[in-house]
Amino acid sequence: MGITYEDFLDLEYDPLDDDLVCEFYIEPADRMDWEAAASRVASESSNGTWAELQVEGSVRDLSATAFSIDEEAGHIEVAYPDALFEPGSMPQVLSCIAGNIMGMKAVDRIRLLDCEWPVTLVESFPGPQYGSAVKSEILDAGDRPATATVPKPKVGLTTDQHATVGYEAWTGGVDLLKDDENLTDQSFNPFEDRLTESLAQRDRAEDETGETKSYLLNVTAPGSEMLERVDMAAEHGCEFVMVDVVTTGWAAVQQVRERCERHGLAIHAHRAMHAAFDRVPDHGVSMRVIAQIARLCGVDHIHTGTAGLGKLENEDTEGINDWLQGECHGLTDVLPVASGGLHPGLLDQLLDELGANIAVQAGGGIHGHPDGTHAGAIAFRHAVDAAAQGHSVEDAATDCPELERALEKWGTETPR
Ligand SMILES: O=C(O)[C@H](O)COP(=O)(O)O
Ligand SMILES: [Mg+2]
């Protein structure tokens, strides 16, 4: 007797401890019942196909099982046996659980909502080196949020302008200068020049302020070039690299993680393009799962949104942050980064929602200050410190004219 998709459904199945359990939202296609749709998801994402297969023996041990169907919520759960996966290979894992099934005609919509990662699979990945410990091991942020800024315009500043903006922001109180997602190695601001000039300004800012400062240097590049940029960052005394993790791909992130361990560098993950997977609520891969993948692969920071306060659509920032900072078979946590349309007037609300164990990043909310970057950085840092101590930004503005000016300009409104 062969294997058909019906073999991939067992509503009595109790997942084993080392099964990977995935929760999906699905909408079965026209004339497809729930059981048929759920079993096809389990089949196509493990070792079945549309046709009956004439095979016997241990190959069945690699089959996934759809074991729960909640028609009202549209949720199904599928358990995947450990042996289906190549340990430590995120591309292979994703080619199963978020592969062909995303385009399968048996379902009109399918979204990977959440995963329960078993210890065996988790232990095959490195996880982060530092996580939220970057705040004390690399920076002087202590119990307050770490602060970061992206020079704006996001591309087009010369190297000298970029490094000067860094100096102004660092001396205004910001911990981290950050490259933007689409700034890598362009003619107007070449990678190595930017690295050396920014770090020279960083050293100057550290001498003047007595605070530790660092730089989130975007090393995103194709192939071995990215690893060479990681090496360069370490040689020049940078403590972080930044990677556009979705556009660059998880295999490359895993390579960067390995190389960063050699140098003791922390990884800041920018999630540009995540919304192609997670913005449409009934299809794709949730940001929660993207964040889980990033933690397993070993990033130390990842952007998880602004709890709806900033300029970008976000899904459940709080829940994602809780997962990133919760227990997962001993993995180091990840420091979530709130970024995208933040300004000082939003920080008390943001910290109310997300707590202080985060990094907060503002580009426009610092460089768009009426008195420029330095004043913008002072306002931003003052608002962060006040919010971390439970004060409202309005109260905090009474002894900080820069913050008062920022509030006059932006109030406490969400930008668009
Ligand atoms: O990469 C980022 O996080 C953005 O550049 C944020 O920029 P903004 O603070 O101006 O929205
Ligand atoms: Mg950006």
# chains A, B, ... in the order shown; residues from 1 in each chain; ligands from 1

call {"tool": "residues_near_ligand", "arguments": {"ligand": "ligand 1", "cutoff": "10 Å", "atoms": "only C-alpha atoms and all ligand atoms", "output": "PDB file with C-alpha atoms, in the first residue's frame"}}
result
ATOM      1  CA  ALA A 148      20.353  54.460  18.413  1.00  0.00           C
ATOM      2  CA  THR A 149      20.071  56.780  15.451  1.00  0.00           C
ATOM      3  CA  VAL A 150      20.158  56.421  11.661  1.00  0.00           C
ATOM      4  CA  PRO A 151      21.521  59.453   9.794  1.00  0.00           C
ATOM      5  CA  LYS A 152      18.952  60.845   7.388  1.00  0.00           C
ATOM      6  CA  PRO A 153      18.676  61.163   4.441  1.00  0.00           C
ATOM      7  CA  LYS A 154      19.124  57.388   4.543  1.00  0.00           C
ATOM      8  CA  LYS A 178      23.276  52.944  12.853  1.00  0.00           C
ATOM      9  CA  ASP A 179      23.586  52.647   9.080  1.00  0.00           C
ATOM     10  CA  ASP A 180      20.349  52.540   7.198  1.00  0.00           C
ATOM     11  CA  GLU A 181      19.192  49.339   5.547  1.00  0.00           C
ATOM     12  CA  ASN A 182      20.105  50.471   2.031  1.00  0.00           C
ATOM     13  CA  LEU A 183      23.455  52.037   2.892  1.00  0.00           C
ATOM     14  CA  ASP A 244      19.620  43.076   6.588  1.00  0.00           C
ATOM     15  CA  HIS A 270      17.431  44.914  10.381  1.00  0.00           C
ATOM     16  CA  ARG A 271      14.265  43.277   9.048  1.00  0.00           C
ATOM     17  CA  ALA A 272      13.784  45.200   5.761  1.00  0.00           C
ATOM     18  CA  HIS A 303      13.675  45.205  14.926  1.00  0.00           C
ATOM     19  CA  GLY A 305       8.251  47.334  15.647  1.00  0.00           C
ATOM     20  CA  GLY A 310       5.546  54.603  14.852  1.00  0.00           C
ATOM     21  CA  LYS A 311       5.291  54.838  11.065  1.00  0.00           C
ATOM     22  CA  LEU A 312       5.239  51.141  10.137  1.00  0.00           C
ATOM     23  CA  VAL A 337      14.672  47.217  18.709  1.00  0.00           C
ATOM     24  CA  ALA A 338      11.778  49.650  18.400  1.00  0.00           C
ATOM     25  CA  SER A 339      12.268  51.718  15.273  1.00  0.00           C
ATOM     26  CA  GLY A 340      10.352  53.405  12.493  1.00  0.00           C
ATOM     27  CA  GLY A 341       8.826  56.834  13.000  1.00  0.00           C
ATOM     28  CA  LEU A 342       9.716  57.266  16.669  1.00  0.00           C
ATOM     29  CA  HIS A 343      10.283  60.711  18.184  1.00  0.00           C
ATOM     30  CA  VAL A 360      14.975  52.584  20.763  1.00  0.00           C
ATOM     31  CA  GLN A 361      15.982  54.056  17.448  1.00  0.00           C
ATOM     32  CA  ALA A 362      15.071  57.352  15.813  1.00  0.00           C
ATOM     33  CA  GLY A 363      16.203  58.779  12.492  1.00  0.00           C
ATOM     34  CA  GLY A 364      13.770  61.539  11.578  1.00  0.00           C
ATOM     35  CA  GLY A 365      12.857  61.930  15.256  1.00  0.00           C
ATOM     36  CA  ILE A 366      16.418  63.146  15.949  1.00  0.00           C
ATOM     37  CA  HIS A 367      17.716  64.707  12.718  1.00  0.00           C
ATOM     38  CA  GLY A 368      14.387  66.419  12.018  1.00  0.00           C
ATOM     39  CA  PRO A 415       3.566  59.928  12.364  1.00  0.00           C
ATOM     40  CA  ARG A 416       2.523  58.607   8.940  1.00  0.00           C
TER      41      ARG A 416
END

call {"tool": "residues_around", "arguments": {"residues": "Asp143 of chain A", "least_positions_apart": "6", "cutoff": "12 Å", "atoms": "only C-alpha atoms", "output": "number ranges by chain"}}
result
A: 132-136, 355-359, 384-385, 387-389

call {"tool": "write_last_selection", "arguments": {"atoms": "N, CA and C atoms", "output": "PDB file, in the first residue's frame"}}
result
ATOM      1  N   SER A 132      20.383  40.770  25.196  1.00  0.00           N
ATOM      2  CA  SER A 132      20.209  42.067  25.865  1.00  0.00           C
ATOM      3  C   SER A 132      21.400  42.433  26.747  1.00  0.00           C
ATOM      4  N   ALA A 133      22.314  41.489  26.963  1.00  0.00           N
ATOM      5  CA  ALA A 133      23.531  41.831  27.721  1.00  0.00           C
ATOM      6  C   ALA A 133      24.408  42.836  26.973  1.00  0.00           C
ATOM      7  N   VAL A 134      24.138  43.097  25.684  1.00  0.00           N
ATOM      8  CA  VAL A 134      24.905  44.150  24.990  1.00  0.00           C
ATOM      9  C   VAL A 134      24.791  45.463  25.751  1.00  0.00           C
ATOM     10  N   LYS A 135      23.656  45.662  26.427  1.00  0.00           N
ATOM     11  CA  LYS A 135      23.446  46.947  27.124  1.00  0.00           C
ATOM     12  C   LYS A 135      24.476  47.173  28.217  1.00  0.00           C
ATOM     13  N   SER A 136      24.929  46.098  28.853  1.00  0.00           N
ATOM     14  CA  SER A 136      25.941  46.284  29.900  1.00  0.00           C
ATOM     15  C   SER A 136      27.327  45.805  29.459  1.00  0.00           C
ATOM     16  N   GLY A 355       8.246  48.175  28.035  1.00  0.00           N
ATOM     17  CA  GLY A 355       9.259  48.076  29.095  1.00  0.00           C
ATOM     18  C   GLY A 355      10.579  48.682  28.641  1.00  0.00           C
ATOM     19  N   ALA A 356      11.586  48.588  29.501  1.00  0.00           N
ATOM     20  CA  ALA A 356      12.855  49.284  29.231  1.00  0.00           C
ATOM     21  C   ALA A 356      13.931  48.367  28.663  1.00  0.00           C
ATOM     22  N   ASN A 357      13.657  47.053  28.584  1.00  0.00           N
ATOM     23  CA  ASN A 357      14.711  46.155  28.082  1.00  0.00           C
ATOM     24  C   ASN A 357      14.627  46.037  26.562  1.00  0.00           C
ATOM     25  N   ILE A 358      14.819  47.181  25.922  1.00  0.00           N
ATOM     26  CA  ILE A 358      14.731  47.284  24.461  1.00  0.00           C
ATOM     27  C   ILE A 358      15.810  48.267  24.000  1.00  0.00           C
ATOM     28  N   ALA A 359      15.978  48.365  22.682  1.00  0.00           N
ATOM     29  CA  ALA A 359      16.716  49.500  22.124  1.00  0.00           C
ATOM     30  C   ALA A 359      15.690  50.371  21.415  1.00  0.00           C
ATOM     31  N   VAL A 384      14.144  59.419  26.852  1.00  0.00           N
ATOM     32  CA  VAL A 384      14.343  57.998  27.186  1.00  0.00           C
ATOM     33  C   VAL A 384      14.619  57.849  28.680  1.00  0.00           C
ATOM     34  N   ASP A 385      15.540  58.671  29.184  1.00  0.00           N
ATOM     35  CA  ASP A 385      15.886  58.562  30.611  1.00  0.00           C
ATOM     36  C   ASP A 385      14.656  58.814  31.491  1.00  0.00           C
ATOM     37  N   ALA A 387      11.424  58.548  30.639  1.00  0.00           N
ATOM     38  CA  ALA A 387      10.422  57.483  30.479  1.00  0.00           C
ATOM     39  C   ALA A 387      10.856  56.226  31.233  1.00  0.00           C
ATOM     40  N   ALA A 388      12.167  55.943  31.217  1.00  0.00           N
ATOM     41  CA  ALA A 388      12.653  54.741  31.917  1.00  0.00           C
ATOM     42  C   ALA A 388      12.467  54.871  33.430  1.00  0.00           C
ATOM     43  N   GLN A 389      12.396  56.135  33.902  1.00  0.00           N
ATOM     44  CA  GLN A 389      12.154  56.338  35.343  1.00  0.00           C
ATOM     45  C   GLN A 389      10.674  56.552  35.644  1.00  0.00           C
TER      46      GLN A 389
END

call {"tool": "closest_residue", "arguments": {"among": "A:Gly48, A:Glu192, A:His301, A:Glu261", "to": "Gln325 of chain A", "atoms": "only C-alpha atoms"}}
result
A:His301

call {"tool": "closest_residue", "arguments": {"among": "A:Val155, A:Arg259, A:Leu94, A:Pro222", "to": "ligand 2", "atoms": "only C-alpha atoms and all ligand atoms"}}
result
A:Val155

call {"tool": "closest_residue", "arguments": {"among": "A:Glu208, A:Asp33, A:Glu116, A:Ala200", "to": "Trp323 of chain A", "atoms": "only C-alpha atoms"}}
result
A:Glu116

call {"tool": "select_by_dssp", "arguments": {"residues": "segment 49-221 of chain A", "states": "strand (DSSP E)", "output": "MDAnalysis selection string"}}
result
chainID A and resid 65:70 75:80 107:116 146:149 176:178 214:218

call {"tool": "closest_residue", "arguments": {"among": "A:Arg60, A:Arg381, A:Arg229, A:Lys105", "to": "Leu84 of chain A", "atoms": "only C-alpha atoms"}}
result
A:Arg60

call {"tool": "select_by_dssp", "arguments": {"residues": "segment 20-194 of chain A", "states": "helix (DSSP H, G or I)", "output": "PyMOL selection string"}}
result
chain A and resi 34-44+57-62+82-84+90-97+100-103+119-123+131-137+159-172+191-194

call {"tool": "closest_residue", "arguments": {"among": "A:Ala221, A:Leu176, A:Ala106, A:Leu157", "to": "Arg194 of chain A", "atoms": "only C-alpha atoms"}}
result
A:Leu157

call {"tool": "decode", "arguments": {"residues": "segment 219-262 of chain A", "atoms": "C-alpha atoms", "output": "PDB file, in the first residue's frame"}}
result
ATOM      1  CA  VAL A 219      27.961  44.773   6.369  1.00  0.00           C
ATOM      2  CA  THR A 220      25.207  43.377   4.108  1.00  0.00           C
ATOM      3  CA  ALA A 221      26.785  42.178   0.851  1.00  0.00           C
ATOM      4  CA  PRO A 222      26.726  39.184  -1.460  1.00  0.00           C
ATOM      5  CA  GLY A 223      28.817  36.077  -0.764  1.00  0.00           C
ATOM      6  CA  SER A 224      32.230  36.229   0.855  1.00  0.00           C
ATOM      7  CA  GLU A 225      32.242  40.039   0.656  1.00  0.00           C
ATOM      8  CA  MET A 226      29.974  40.179   3.715  1.00  0.00           C
ATOM      9  CA  LEU A 227      32.439  38.105   5.749  1.00  0.00           C
ATOM     10  CA  GLU A 228      35.298  40.351   4.638  1.00  0.00           C
ATOM     11  CA  ARG A 229      33.310  43.336   5.874  1.00  0.00           C
ATOM     12  CA  VAL A 230      32.763  41.589   9.212  1.00  0.00           C
ATOM     13  CA  ASP A 231      36.539  41.050   9.483  1.00  0.00           C
ATOM     14  CA  MET A 232      37.146  44.701   8.625  1.00  0.00           C
ATOM     15  CA  ALA A 233      34.704  45.851  11.293  1.00  0.00           C
ATOM     16  CA  ALA A 234      36.572  43.800  13.908  1.00  0.00           C
ATOM     17  CA  GLU A 235      40.023  44.958  12.749  1.00  0.00           C
ATOM     18  CA  HIS A 236      38.987  48.584  13.080  1.00  0.00           C
ATOM     19  CA  GLY A 237      37.582  48.140  16.595  1.00  0.00           C
ATOM     20  CA  CYS A 238      33.831  48.083  15.936  1.00  0.00           C
ATOM     21  CA  GLU A 239      31.742  46.037  18.401  1.00  0.00           C
ATOM     22  CA  PHE A 240      28.691  45.435  16.180  1.00  0.00           C
ATOM     23  CA  VAL A 241      27.770  44.600  12.642  1.00  0.00           C
ATOM     24  CA  MET A 242      24.351  45.168  11.135  1.00  0.00           C
ATOM     25  CA  VAL A 243      22.794  42.736   8.664  1.00  0.00           C
ATOM     26  CA  ASP A 244      19.620  43.076   6.588  1.00  0.00           C
ATOM     27  CA  VAL A 245      18.656  39.563   7.594  1.00  0.00           C
ATOM     28  CA  VAL A 246      15.624  38.985   5.363  1.00  0.00           C
ATOM     29  CA  THR A 247      17.070  40.355   2.121  1.00  0.00           C
ATOM     30  CA  THR A 248      20.421  38.675   2.723  1.00  0.00           C
ATOM     31  CA  GLY A 249      18.967  35.259   3.626  1.00  0.00           C
ATOM     32  CA  TRP A 250      19.328  32.980   6.609  1.00  0.00           C
ATOM     33  CA  ALA A 251      22.270  30.913   5.316  1.00  0.00           C
ATOM     34  CA  ALA A 252      24.288  34.116   5.079  1.00  0.00           C
ATOM     35  CA  VAL A 253      23.126  35.208   8.541  1.00  0.00           C
ATOM     36  CA  GLN A 254      24.356  31.885   9.907  1.00  0.00           C
ATOM     37  CA  GLN A 255      27.753  32.437   8.268  1.00  0.00           C
ATOM     38  CA  VAL A 256      27.977  35.931   9.710  1.00  0.00           C
ATOM     39  CA  ARG A 257      27.068  34.599  13.154  1.00  0.00           C
ATOM     40  CA  GLU A 258      29.922  32.086  12.959  1.00  0.00           C
ATOM     41  CA  ARG A 259      32.412  34.754  11.862  1.00  0.00           C
ATOM     42  CA  CYS A 260      31.194  37.203  14.523  1.00  0.00           C
ATOM     43  CA  GLU A 261      31.830  34.673  17.263  1.00  0.00           C
ATOM     44  CA  ARG A 262      35.473  34.558  16.202  1.00  0.00           C
TER      45      ARG A 262
END
